[in-house]
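Structure file run-v5.txt with compact mmCIF, C-alpha atoms and all ligand atoms:
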# COMPACT_ATOMS: atom_id res chain seq x y z
CA MET A 1 0.00 0.00 0.00
CA ARG A 2 1.44 3.41 -0.95
CA THR A 3 1.65 6.10 1.69
CA ILE A 4 0.64 9.74 1.61
CA GLY A 5 1.83 12.09 4.35
CA VAL A 6 -0.03 15.21 5.45
CA VAL A 7 1.39 18.14 7.39
CA THR A 8 -0.06 21.48 8.48
CA SER A 9 2.60 24.14 8.87
CA GLY A 10 2.98 27.82 9.80
CA GLY A 11 0.04 29.88 11.08
CA ASP A 12 -3.14 27.87 11.39
CA ALA A 13 -6.18 28.73 9.29
CA PRO A 14 -9.84 27.71 9.64
CA GLY A 15 -10.50 24.89 7.19
CA MET A 16 -7.20 23.08 7.70
CA ASN A 17 -9.12 20.27 9.42
CA ALA A 18 -11.59 20.09 6.55
CA ALA A 19 -8.57 19.66 4.25
CA ILE A 20 -7.02 16.92 6.43
CA ARG A 21 -10.35 15.08 6.44
CA ALA A 22 -10.82 15.34 2.68
CA ILE A 23 -7.23 14.34 1.84
CA THR A 24 -7.49 11.31 4.14
CA ARG A 25 -10.80 10.09 2.78
CA ILE A 26 -9.97 10.71 -0.88
CA ALA A 27 -6.52 9.10 -0.53
CA HIS A 28 -8.02 6.04 1.20
CA SER A 29 -10.63 5.72 -1.56
CA LYS A 30 -7.72 5.49 -4.03
CA GLY A 31 -5.95 2.80 -1.98
CA PHE A 32 -3.36 4.97 -0.15
CA GLN A 33 -2.70 4.87 3.56
CA VAL A 34 -2.26 8.29 5.21
CA LEU A 35 0.12 9.51 7.92
CA GLY A 36 -0.43 12.85 9.63
CA PHE A 37 2.87 14.42 10.68
CA GLU A 38 2.45 16.39 13.90
CA ARG A 39 3.40 20.00 14.77
CA GLY A 40 4.32 21.11 11.29
CA TRP A 41 7.84 20.46 10.02
CA GLU A 42 8.81 19.38 13.53
CA GLY A 43 6.93 16.12 12.93
CA LEU A 44 9.04 15.43 9.87
CA ILE A 45 12.27 16.25 11.68
CA ARG A 46 11.40 14.10 14.72
CA ASN A 47 9.43 11.40 12.88
CA THR A 48 6.25 11.93 14.90
CA PHE A 49 3.00 11.12 13.16
CA VAL A 50 -0.44 9.59 13.61
CA PRO A 51 -2.11 7.26 11.14
CA LEU A 52 -5.13 9.01 9.63
CA THR A 53 -8.10 6.87 8.66
CA PRO A 54 -11.53 7.77 7.30
CA ARG A 55 -12.86 7.16 10.84
CA SER A 56 -10.18 9.07 12.74
CA VAL A 57 -10.91 12.23 10.74
CA GLY A 58 -14.66 12.07 11.53
CA GLY A 59 -16.25 15.08 13.26
CA ILE A 60 -13.53 17.59 12.37
CA ILE A 61 -14.90 19.34 9.26
CA GLN A 62 -16.42 22.09 11.43
CA LEU A 63 -13.43 22.59 13.72
CA GLY A 64 -11.05 25.56 13.53
CA GLY A 65 -7.33 25.07 14.10
CA THR A 66 -5.59 21.86 13.07
CA ILE A 67 -5.83 18.46 14.78
CA LEU A 68 -2.24 17.81 13.67
CA HIS A 69 -1.05 20.98 15.46
CA THR A 70 1.39 23.38 13.83
CA THR A 71 4.58 25.29 14.61
CA ARG A 72 6.88 27.83 13.12
CA CYS A 73 9.96 25.61 12.95
CA PRO A 74 13.34 27.43 12.89
CA GLU A 75 15.17 24.08 12.62
CA PHE A 76 13.60 23.52 9.24
CA ARG A 77 15.20 26.70 7.90
CA LYS A 78 18.60 24.97 8.20
CA LYS A 79 20.02 22.38 5.80
CA GLU A 80 20.32 19.89 8.66
CA GLY A 81 16.58 20.08 9.45
CA ILE A 82 15.61 19.60 5.83
CA LYS A 83 17.92 16.58 5.58
CA LYS A 84 16.30 15.01 8.64
CA ALA A 85 12.83 15.58 7.16
CA ALA A 86 13.93 13.92 3.90
CA GLU A 87 15.24 10.94 5.92
CA THR A 88 11.89 10.62 7.73
CA LEU A 89 10.07 10.54 4.40
CA ALA A 90 12.43 7.84 3.08
CA PHE A 91 12.26 5.82 6.35
CA ASN A 92 8.44 5.73 6.20
CA LYS A 93 8.45 5.16 2.41
CA VAL A 94 6.21 8.21 1.93
CA TYR A 95 5.26 8.36 -1.75
CA GLY A 96 3.61 11.79 -1.61
CA LEU A 97 3.44 14.62 0.92
CA VAL A 98 0.62 17.18 1.08
CA VAL A 99 1.74 20.42 2.74
CA ILE A 100 -1.19 22.50 4.02
CA GLY A 101 0.00 26.05 4.75
CA GLY A 102 1.02 29.44 3.42
CA ASP A 103 3.94 30.91 1.50
CA GLY A 104 6.51 30.26 4.26
CA SER A 105 5.51 26.59 4.36
CA PHE A 106 5.77 26.38 0.59
CA ARG A 107 9.29 27.83 0.61
CA GLY A 108 10.18 25.06 3.07
CA ALA A 109 8.44 22.52 0.84
CA LEU A 110 10.48 23.71 -2.15
CA GLU A 111 13.74 23.22 -0.24
CA LEU A 112 12.59 19.79 0.90
CA SER A 113 11.59 18.79 -2.66
CA ARG A 114 15.27 19.25 -3.65
CA GLU A 115 16.39 16.68 -1.06
CA THR A 116 13.76 13.94 -1.46
CA ASP A 117 12.17 11.63 -4.02
CA THR A 118 8.82 11.99 -2.27
CA LEU A 119 6.37 13.98 -4.40
CA ILE A 120 5.27 17.19 -2.70
CA VAL A 121 2.04 19.08 -3.32
CA GLY A 122 1.01 22.30 -1.51
CA VAL A 123 -2.53 23.14 -0.44
CA PRO A 124 -2.78 26.91 0.24
CA ALA A 125 -4.24 27.66 3.67
CA THR A 126 -3.67 31.02 5.35
CA ILE A 127 -5.89 33.85 6.52
CA ASP A 128 -3.50 36.27 4.75
CA ASN A 129 -4.52 35.07 1.24
CA ASP A 130 -1.03 36.02 0.04
CA VAL A 131 -0.14 32.91 -1.97
CA TYR A 132 0.61 33.37 -5.66
CA GLY A 133 -1.25 30.90 -7.90
CA THR A 134 -4.59 31.00 -6.13
CA GLU A 135 -7.23 33.70 -5.91
CA GLU A 136 -8.22 32.44 -2.49
CA THR A 137 -6.66 30.40 0.28
CA ILE A 138 -8.38 28.13 2.79
CA GLY A 139 -9.33 30.17 5.87
CA PHE A 140 -9.41 33.57 4.20
CA ASP A 141 -13.19 33.73 3.88
CA THR A 142 -13.60 32.68 7.52
CA ALA A 143 -11.18 35.35 8.73
CA VAL A 144 -12.93 37.98 6.60
CA ASN A 145 -16.28 37.04 8.12
CA THR A 146 -14.86 37.01 11.66
CA ALA A 147 -13.44 40.50 11.18
CA VAL A 148 -16.64 41.80 9.56
CA THR A 149 -18.77 40.48 12.45
CA GLU A 150 -16.53 42.26 14.96
CA ILE A 151 -16.30 45.52 13.01
CA ASP A 152 -20.09 45.70 12.59
CA LYS A 153 -20.24 45.72 16.40
CA ILE A 154 -17.52 48.34 16.62
CA ARG A 155 -19.54 50.49 14.20
CA ASP A 156 -22.41 50.55 16.71
CA THR A 157 -20.30 52.05 19.45
CA ALA A 158 -18.48 54.35 16.99
CA VAL A 159 -21.81 55.83 15.90
CA SER A 160 -23.11 56.18 19.47
CA HIS A 161 -20.01 58.01 20.67
CA GLU A 162 -19.32 59.84 17.40
CA ARG A 163 -15.80 58.47 17.32
CA VAL A 164 -13.45 57.29 14.62
CA PHE A 165 -12.07 53.78 15.09
CA ILE A 166 -8.93 52.37 13.59
CA VAL A 167 -9.42 48.63 13.39
CA GLU A 168 -6.21 46.72 12.81
CA VAL A 169 -6.55 43.40 11.02
CA MET A 170 -3.92 40.73 10.36
CA GLY A 171 -2.32 39.94 7.00
CA ARG A 172 1.38 40.08 7.83
CA LYS A 173 3.02 42.29 5.15
CA ARG A 174 0.07 42.21 2.77
CA GLY A 175 -3.31 43.92 2.51
CA PHE A 176 -5.60 41.19 1.13
CA LEU A 177 -7.50 40.76 4.39
CA ALA A 178 -7.69 44.50 5.08
CA SER A 179 -8.96 45.40 1.60
CA THR A 180 -11.72 42.79 1.53
CA VAL A 181 -12.75 43.46 5.11
CA GLY A 182 -12.59 47.23 4.61
CA LEU A 183 -14.82 47.16 1.55
CA THR A 184 -17.36 44.82 3.12
CA VAL A 185 -17.76 46.81 6.36
CA GLY A 186 -18.08 50.09 4.45
CA ALA A 187 -14.89 51.51 5.92
CA GLU A 188 -14.30 55.21 5.26
CA THR A 189 -10.57 54.55 4.83
CA ILE A 190 -8.56 51.39 4.13
CA LEU A 191 -4.82 51.31 4.74
CA VAL A 192 -2.66 48.59 3.22
CA PRO A 193 1.13 48.16 3.04
CA GLU A 194 1.08 48.03 -0.77
CA VAL A 195 -0.22 51.60 -1.13
CA PRO A 196 1.64 54.36 0.71
CA TYR A 197 -0.78 56.58 2.59
CA ASN A 198 -0.80 60.29 3.23
CA LYS A 199 -1.70 61.30 6.79
CA GLU A 200 -2.87 64.76 5.69
CA GLU A 201 -5.36 63.09 3.35
CA ILE A 202 -6.73 61.01 6.22
CA PHE A 203 -7.16 64.10 8.41
CA GLN A 204 -8.82 65.92 5.51
CA THR A 205 -11.26 63.07 4.79
CA ILE A 206 -12.32 62.95 8.43
CA LYS A 207 -12.82 66.73 8.55
CA GLU A 208 -14.89 66.64 5.35
CA ASN A 209 -16.97 63.75 6.70
CA THR A 210 -17.62 65.66 9.93
CA ALA A 211 -18.64 68.74 7.92
CA LYS A 212 -21.18 66.73 5.93
CA GLY A 213 -22.67 65.21 9.07
CA LYS A 214 -20.75 61.94 9.19
CA LYS A 215 -19.46 62.15 12.74
CA SER A 216 -18.08 58.64 13.14
CA GLY A 217 -15.99 56.41 10.97
CA ILE A 218 -14.06 53.19 10.55
CA ILE A 219 -10.50 53.00 9.29
CA VAL A 220 -9.47 49.44 8.51
CA ALA A 221 -5.69 49.15 8.71
CA ALA A 222 -3.57 46.14 7.80
CA GLU A 223 -1.08 45.25 10.53
CA GLY A 224 1.66 45.64 7.91
CA ILE A 225 1.26 49.44 7.67
CA GLY A 226 3.17 50.01 10.90
CA ASP A 227 2.32 51.68 14.20
CA THR A 228 -1.47 52.10 14.33
CA ARG A 229 -1.33 53.36 17.95
CA LYS A 230 0.78 56.32 16.84
CA LEU A 231 -1.51 56.93 13.88
CA ALA A 232 -4.58 56.99 16.15
CA LYS A 233 -2.93 59.67 18.29
CA GLU A 234 -1.95 61.75 15.26
CA ILE A 235 -5.48 61.65 13.85
CA GLU A 236 -6.93 62.69 17.19
CA GLU A 237 -4.54 65.65 17.35
CA ASN A 238 -5.08 66.78 13.76
CA ALA A 239 -8.65 65.97 12.78
CA ASN A 240 -10.55 67.25 15.79
CA VAL A 241 -12.18 63.92 16.53
CA GLU A 242 -12.03 61.26 19.26
CA VAL A 243 -10.16 58.19 18.02
CA ARG A 244 -9.98 54.65 19.42
CA LEU A 245 -7.84 51.74 18.25
CA SER A 246 -9.09 48.16 18.19
CA ILE A 247 -6.64 45.40 17.28
CA LEU A 248 -8.64 42.33 16.29
CA GLY A 249 -5.72 39.92 16.73
CA TYR A 250 -5.74 36.16 16.90
CA ALA A 251 -9.52 35.69 16.92
CA GLN A 252 -9.14 36.11 13.15
CA ARG A 253 -7.18 32.84 13.00
CA GLY A 254 -9.74 30.70 14.82
CA GLY A 255 -13.35 29.64 14.70
CA SER A 256 -15.44 27.24 12.72
CA PRO A 257 -14.64 27.49 8.99
CA THR A 258 -17.29 29.03 6.77
CA ALA A 259 -18.94 26.86 4.13
CA ARG A 260 -16.71 28.53 1.55
CA SER A 261 -13.50 27.66 3.43
CA ARG A 262 -14.71 24.06 3.81
CA LEU A 263 -15.61 23.85 0.13
CA LEU A 264 -12.20 25.16 -0.96
CA ALA A 265 -10.51 22.71 1.44
CA SER A 266 -12.40 19.79 -0.05
CA LEU A 267 -11.79 20.82 -3.68
CA PHE A 268 -8.09 21.57 -3.09
CA ALA A 269 -7.72 18.19 -1.33
CA GLU A 270 -9.29 16.39 -4.27
CA LYS A 271 -6.90 18.07 -6.71
CA ALA A 272 -3.85 17.45 -4.50
CA VAL A 273 -4.51 13.72 -4.21
CA GLU A 274 -5.30 13.55 -7.93
CA LEU A 275 -1.92 15.12 -8.77
CA LEU A 276 -0.08 12.71 -6.49
CA SER A 277 -1.88 9.67 -7.87
CA GLU A 278 -0.86 10.81 -11.38
CA GLY A 279 2.75 10.99 -10.20
CA GLN A 280 2.91 14.79 -10.23
CA GLY A 281 4.77 16.70 -7.50
CA SER A 282 6.42 20.07 -6.83
CA LYS A 283 3.11 21.86 -7.42
CA ILE A 284 0.56 23.80 -5.45
CA VAL A 285 -3.15 23.63 -6.10
CA GLY A 286 -5.24 26.76 -6.39
CA LEU A 287 -8.39 28.53 -7.52
CA GLN A 288 -8.15 30.50 -10.76
CA ASN A 289 -11.15 31.91 -12.65
CA GLY A 290 -13.48 29.55 -10.82
CA GLU A 291 -11.44 26.45 -11.71
CA ILE A 292 -9.32 24.30 -9.42
CA THR A 293 -5.89 24.36 -11.02
CA SER A 294 -2.23 23.85 -10.13
CA ILE A 295 1.03 25.70 -10.73
CA GLU A 296 4.68 24.89 -10.12
CA LEU A 297 5.75 25.19 -6.49
CA LYS A 298 8.85 27.12 -7.59
CA LYS A 299 6.80 29.68 -9.49
CA CYS A 300 4.51 30.10 -6.47
CA CYS A 301 7.50 30.73 -4.18
CA GLU A 302 9.19 33.15 -6.55
CA THR A 303 6.21 35.32 -7.48
CA GLU A 304 4.47 37.96 -5.43
CA LYS A 305 0.70 37.87 -5.61
CA PRO A 306 -0.64 41.24 -6.78
CA LEU A 307 -3.21 43.08 -4.68
CA ASN A 308 -6.39 44.12 -6.46
CA VAL A 309 -6.22 47.88 -5.88
CA ASN A 310 -9.62 48.31 -7.55
CA LEU A 311 -11.16 47.12 -4.30
CA LEU A 312 -9.66 50.17 -2.59
CA LYS A 313 -10.92 52.54 -5.28
CA LEU A 314 -14.41 51.04 -5.11
CA ALA A 315 -14.43 51.18 -1.30
CA LYS A 316 -13.58 54.88 -1.49
CA VAL A 317 -16.53 55.62 -3.79
CA LEU A 318 -18.86 53.51 -1.66
CA ALA A 319 -17.86 55.31 1.52
CA THR A 320 -18.77 58.83 0.34
O1 LIG B 1 0.17 34.25 8.58
C1 LIG B 1 -0.92 34.29 9.44
C2 LIG B 1 -0.68 35.31 10.54
O2 LIG B 1 -1.80 35.30 11.42
C3 LIG B 1 -0.40 36.73 10.08
O3 LIG B 1 -1.56 37.42 9.69
C4 LIG B 1 0.29 37.29 11.30
O4 LIG B 1 1.11 38.38 10.96
C5 LIG B 1 1.11 36.12 11.75
O5 LIG B 1 0.46 34.96 11.28
C6 LIG B 1 1.31 35.98 13.23
O6 LIG B 1 2.24 34.98 13.45
P1 LIG B 1 2.41 34.14 14.79
O7 LIG B 1 1.38 33.07 14.78
O8 LIG B 1 3.77 33.55 14.67
O9 LIG B 1 2.26 35.07 15.93
In structure tokens, what does this structure look like?
Amino acid sequence: MRTIGVVTSGGDAPGMNAAIRAITRIAHSKGFQVLGFERGWEGLIRNTFVPLTPRSVGGIIQLGGTILHTTRCPEFRKKEGIKKAAETLAFNKVYGLVVIGGDGSFRGALELSRETDTLIVGVPATIDNDVYGTEETIGFDTAVNTAVTEIDKIRDTAVSHERVFIVEVMGRKRGFLASTVGLTVGAETILVPEVPYNKEEIFQTIKENTAKGKKSGIIVAAEGIGDTRKLAKEIEENANVEVRLSILGYAQRGGSPTARSRLLASLFAEKAVELLSEGQGSKIVGLQNGEITSIELKKCCETEKPLNVNLLKLAKVLAT
């Protein structure tokens, strides 16, 4: 019986469990046995895994987090760690490895693919949605909805107190989460790392809004723009308005995956196992123009995913 390994690595994302479940069940239906390596790359370095069966992955489709656990693994950034992981794959005769994670995990997977005969396929899962080769990653939709639910509540208190709120969302160095969340909560301003912002313009917009009777507002800021605490203070001092900062934080990483995140997880899993059973590796699966596709892992690691700046332009018009 051929063996498929599964690992979840880097920051967790809602829907990772749905992906583990689908990979396990699809792989079993094709006659593979499945091993789940634990705690990200650490499991490959230390040879710690659990057998995954169609029964053992029951009841997890709705769970946030990852039953396999995950880590950021500094040891795997060194040659020695990658060598150990390759040895583990050879020792367990792992034919194919599915790596569920984001761009950092895929860079690790690319390094590992150079040291092993095991086929490696990436399944993009990160709330940041910053993986080239897919329009959407597993967990993104859930994180967007989590943030929107919270910001709708913040809007209530902003309106009551006639305050401006800066709401900081995650996204590491990118603004995919901030732009989608900002547009869908009707934010007056959206700040992302990809587009340099002008403080004077922010002050001006707030003053104009106040003059036309809009006495409260929401600024959605990506964590990657820098010090939002300082920005809140500067706005308060220059725009004649009370400002509060709300950092949404790790709640964005958890929670039950939305139907969309579960659907993507299941479709990506199907494609990943299909690629492996056809003998194809060094790829990531993805969503492009409504189709489940795949691209080379190397291309994914070497290319920066562009941000759709039209979302920002549209949000601006919608917030007038
Ligand atoms: O990549 C997902 C993410 O939540 C980012 O949005 C955030 O910057 C980062 O992980 C936080 O990393 P850690 O889990 O190591 O604190």
Rows by chain and residue number, chain A within 12 Å of ligand LIG 1 (chain B), shortest pair, only C-alpha atoms and all ligand atoms, as a tab-separated table:
residue	atom	partner	partner_atom	distance
A:Ser9	CA	B:LIG1	O1	10.4
A:Gly10	CA	B:LIG1	O1	7.1
A:Gly11	CA	B:LIG1	C1	4.8
A:Asp12	CA	B:LIG1	C1	7.1
A:Ala13	CA	B:LIG1	C1	7.7
A:Pro14	CA	B:LIG1	C1	11.1
A:Gly65	CA	B:LIG1	O7	11.8
A:Thr70	CA	B:LIG1	O7	9.7
A:Thr71	CA	B:LIG1	O8	8.3
A:Arg72	CA	B:LIG1	O8	6.7
A:Cys73	CA	B:LIG1	O8	10.2
A:Pro74	CA	B:LIG1	O8	11.5
A:Gly101	CA	B:LIG1	O1	9.1
A:Gly102	CA	B:LIG1	O1	7.1
A:Asp103	CA	B:LIG1	O1	8.7
A:Gly104	CA	B:LIG1	O1	8.6
A:Ser105	CA	B:LIG1	O1	10.2
A:Pro124	CA	B:LIG1	O1	11.5
A:Ala125	CA	B:LIG1	O1	9.3
A:Thr126	CA	B:LIG1	C1	5.9
A:Ile127	CA	B:LIG1	C1	5.8
A:Asp128	CA	B:LIG1	O3	5.4
A:Asn129	CA	B:LIG1	O1	8.7
A:Asp130	CA	B:LIG1	O1	8.8
A:Val131	CA	B:LIG1	O1	10.6
A:Thr137	CA	B:LIG1	O1	11.4
A:Ile138	CA	B:LIG1	C1	11.7
A:Gly139	CA	B:LIG1	C1	10.0
A:Phe140	CA	B:LIG1	C1	10.0
A:Ala143	CA	B:LIG1	O2	9.8
A:Val144	CA	B:LIG1	O3	11.8
A:Glu168	CA	B:LIG1	O3	10.9
A:Val169	CA	B:LIG1	O3	7.9
A:Met170	CA	B:LIG1	O3	4.1
A:Gly171	CA	B:LIG1	O3	3.8
A:Arg172	CA	B:LIG1	O4	3.6
A:Lys173	CA	B:LIG1	O4	7.3
A:Arg174	CA	B:LIG1	O3	8.6
A:Gly175	CA	B:LIG1	O3	9.8
A:Phe176	CA	B:LIG1	O3	10.2
A:Leu177	CA	B:LIG1	O3	8.6
A:Ala178	CA	B:LIG1	O3	10.4
A:Ala222	CA	B:LIG1	O3	9.1
A:Glu223	CA	B:LIG1	O4	7.2
A:Gly224	CA	B:LIG1	O4	7.9
A:Ile225	CA	B:LIG1	O4	11.5
A:Gly226	CA	B:LIG1	O4	11.8
A:Leu248	CA	B:LIG1	O3	10.9
A:Gly249	CA	B:LIG1	O2	8.1
A:Tyr250	CA	B:LIG1	O2	6.8
A:Ala251	CA	B:LIG1	O2	9.5
A:Gln252	CA	B:LIG1	O2	7.6
A:Arg253	CA	B:LIG1	O2	6.1
A:Gly254	CA	B:LIG1	O2	9.8
Just to be explicit: take each residue in the selection above, keep C-alpha atoms, and write the result as a PDB file, in the coordinates of the input.
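Okay, part.pdb is ready:
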ATOM      1  CA  SER A   9       2.600  24.140   8.870  1.00  0.00           C
ATOM      2  CA  GLY A  10       2.980  27.820   9.800  1.00  0.00           C
ATOM      3  CA  GLY A  11       0.040  29.880  11.080  1.00  0.00           C
ATOM      4  CA  ASP A  12      -3.140  27.870  11.390  1.00  0.00           C
ATOM      5  CA  ALA A  13      -6.180  28.730   9.290  1.00  0.00           C
ATOM      6  CA  PRO A  14      -9.840  27.710   9.640  1.00  0.00           C
ATOM      7  CA  GLY A  65      -7.330  25.070  14.100  1.00  0.00           C
ATOM      8  CA  THR A  70       1.390  23.380  13.830  1.00  0.00           C
ATOM      9  CA  THR A  71       4.580  25.290  14.610  1.00  0.00           C
ATOM     10  CA  ARG A  72       6.880  27.830  13.120  1.00  0.00           C
ATOM     11  CA  CYS A  73       9.960  25.610  12.950  1.00  0.00           C
ATOM     12  CA  PRO A  74      13.340  27.430  12.890  1.00  0.00           C
ATOM     13  CA  GLY A 101       0.000  26.050   4.750  1.00  0.00           C
ATOM     14  CA  GLY A 102       1.020  29.440   3.420  1.00  0.00           C
ATOM     15  CA  ASP A 103       3.940  30.910   1.500  1.00  0.00           C
ATOM     16  CA  GLY A 104       6.510  30.260   4.260  1.00  0.00           C
ATOM     17  CA  SER A 105       5.510  26.590   4.360  1.00  0.00           C
ATOM     18  CA  PRO A 124      -2.780  26.910   0.240  1.00  0.00           C
ATOM     19  CA  ALA A 125      -4.240  27.660   3.670  1.00  0.00           C
ATOM     20  CA  THR A 126      -3.670  31.020   5.350  1.00  0.00           C
ATOM     21  CA  ILE A 127      -5.890  33.850   6.520  1.00  0.00           C
ATOM     22  CA  ASP A 128      -3.500  36.270   4.750  1.00  0.00           C
ATOM     23  CA  ASN A 129      -4.520  35.070   1.240  1.00  0.00           C
ATOM     24  CA  ASP A 130      -1.030  36.020   0.040  1.00  0.00           C
ATOM     25  CA  VAL A 131      -0.140  32.910  -1.970  1.00  0.00           C
ATOM     26  CA  THR A 137      -6.660  30.400   0.280  1.00  0.00           C
ATOM     27  CA  ILE A 138      -8.380  28.130   2.790  1.00  0.00           C
ATOM     28  CA  GLY A 139      -9.330  30.170   5.870  1.00  0.00           C
ATOM     29  CA  PHE A 140      -9.410  33.570   4.200  1.00  0.00           C
ATOM     30  CA  ALA A 143     -11.180  35.350   8.730  1.00  0.00           C
ATOM     31  CA  VAL A 144     -12.930  37.980   6.600  1.00  0.00           C
ATOM     32  CA  GLU A 168      -6.210  46.720  12.810  1.00  0.00           C
ATOM     33  CA  VAL A 169      -6.550  43.400  11.020  1.00  0.00           C
ATOM     34  CA  MET A 170      -3.920  40.730  10.360  1.00  0.00           C
ATOM     35  CA  GLY A 171      -2.320  39.940   7.000  1.00  0.00           C
ATOM     36  CA  ARG A 172       1.380  40.080   7.830  1.00  0.00           C
ATOM     37  CA  LYS A 173       3.020  42.290   5.150  1.00  0.00           C
ATOM     38  CA  ARG A 174       0.070  42.210   2.770  1.00  0.00           C
ATOM     39  CA  GLY A 175      -3.310  43.920   2.510  1.00  0.00           C
ATOM     40  CA  PHE A 176      -5.600  41.190   1.130  1.00  0.00           C
ATOM     41  CA  LEU A 177      -7.500  40.760   4.390  1.00  0.00           C
ATOM     42  CA  ALA A 178      -7.690  44.500   5.080  1.00  0.00           C
ATOM     43  CA  ALA A 222      -3.570  46.140   7.800  1.00  0.00           C
ATOM     44  CA  GLU A 223      -1.080  45.250  10.530  1.00  0.00           C
ATOM     45  CA  GLY A 224       1.660  45.640   7.910  1.00  0.00           C
ATOM     46  CA  ILE A 225       1.260  49.440   7.670  1.00  0.00           C
ATOM     47  CA  GLY A 226       3.170  50.010  10.900  1.00  0.00           C
ATOM     48  CA  LEU A 248      -8.640  42.330  16.290  1.00  0.00           C
ATOM     49  CA  GLY A 249      -5.720  39.920  16.730  1.00  0.00           C
ATOM     50  CA  TYR A 250      -5.740  36.160  16.900  1.00  0.00           C
ATOM     51  CA  ALA A 251      -9.520  35.690  16.920  1.00  0.00           C
ATOM     52  CA  GLN A 252      -9.140  36.110  13.150  1.00  0.00           C
ATOM     53  CA  ARG A 253      -7.180  32.840  13.000  1.00  0.00           C
ATOM     54  CA  GLY A 254      -9.740  30.700  14.820  1.00  0.00           C
TER      55      GLY A 254
END
Pick from A:His161, A:Arg39, A:Arg155, A:Arg2: nearest to Ile100 of chain A, with only C-alpha atoms counted?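 Distance minimum relative to Ile100 of chain A lands on A:Arg39.
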For a test of reading the model, state the distance in Å between atom CA of Val50 of chain A and atom CA of Glu278 of chain A, rounded to one decimal. 25.0 Å
Nearest residue to Gly217 of chain A out of A:Lys305, A:Arg77, A:Arg244, A:Lys283, using all atoms listed in the file? A:Arg244
Thr189 of chain A environment, 10 Å, all atoms listed in the file, sequence neighbours closer than 3 positions dropped, as a ChimeraX atom specification: /A:166,179,182-183,186,202,205-206,217-221,312,315-316,319
Okay, now the selection with C-alpha atoms, as a short mmCIF file (atom, residue, chain, number, x, y, z; two decimals), in the coordinates of the input?
data_model
loop_
_atom_site.label_atom_id
_atom_site.label_comp_id
_atom_site.auth_asym_id
_atom_site.auth_seq_id
_atom_site.Cartn_x
_atom_site.Cartn_y
_atom_site.Cartn_z
CA ILE A 166 -8.93 52.37 13.59
CA SER A 179 -8.96 45.40 1.60
CA GLY A 182 -12.59 47.23 4.61
CA LEU A 183 -14.82 47.16 1.55
CA GLY A 186 -18.08 50.09 4.45
CA ILE A 202 -6.73 61.01 6.22
CA THR A 205 -11.26 63.07 4.79
CA ILE A 206 -12.32 62.95 8.43
CA GLY A 217 -15.99 56.41 10.97
CA ILE A 218 -14.06 53.19 10.55
CA ILE A 219 -10.50 53.00 9.29
CA VAL A 220 -9.47 49.44 8.51
CA ALA A 221 -5.69 49.15 8.71
CA LEU A 312 -9.66 50.17 -2.59
CA ALA A 315 -14.43 51.18 -1.30
CA LYS A 316 -13.58 54.88 -1.49
CA ALA A 319 -17.86 55.31 1.52
#
Tell me, in Å to one decimal, how far atom CA of Phe165 of chain A is from atom CA of Val181 of chain A.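 Atom CA of Val181 of chain A lies at a distance of 14.4 Å from atom CA of Phe165 of chain A.
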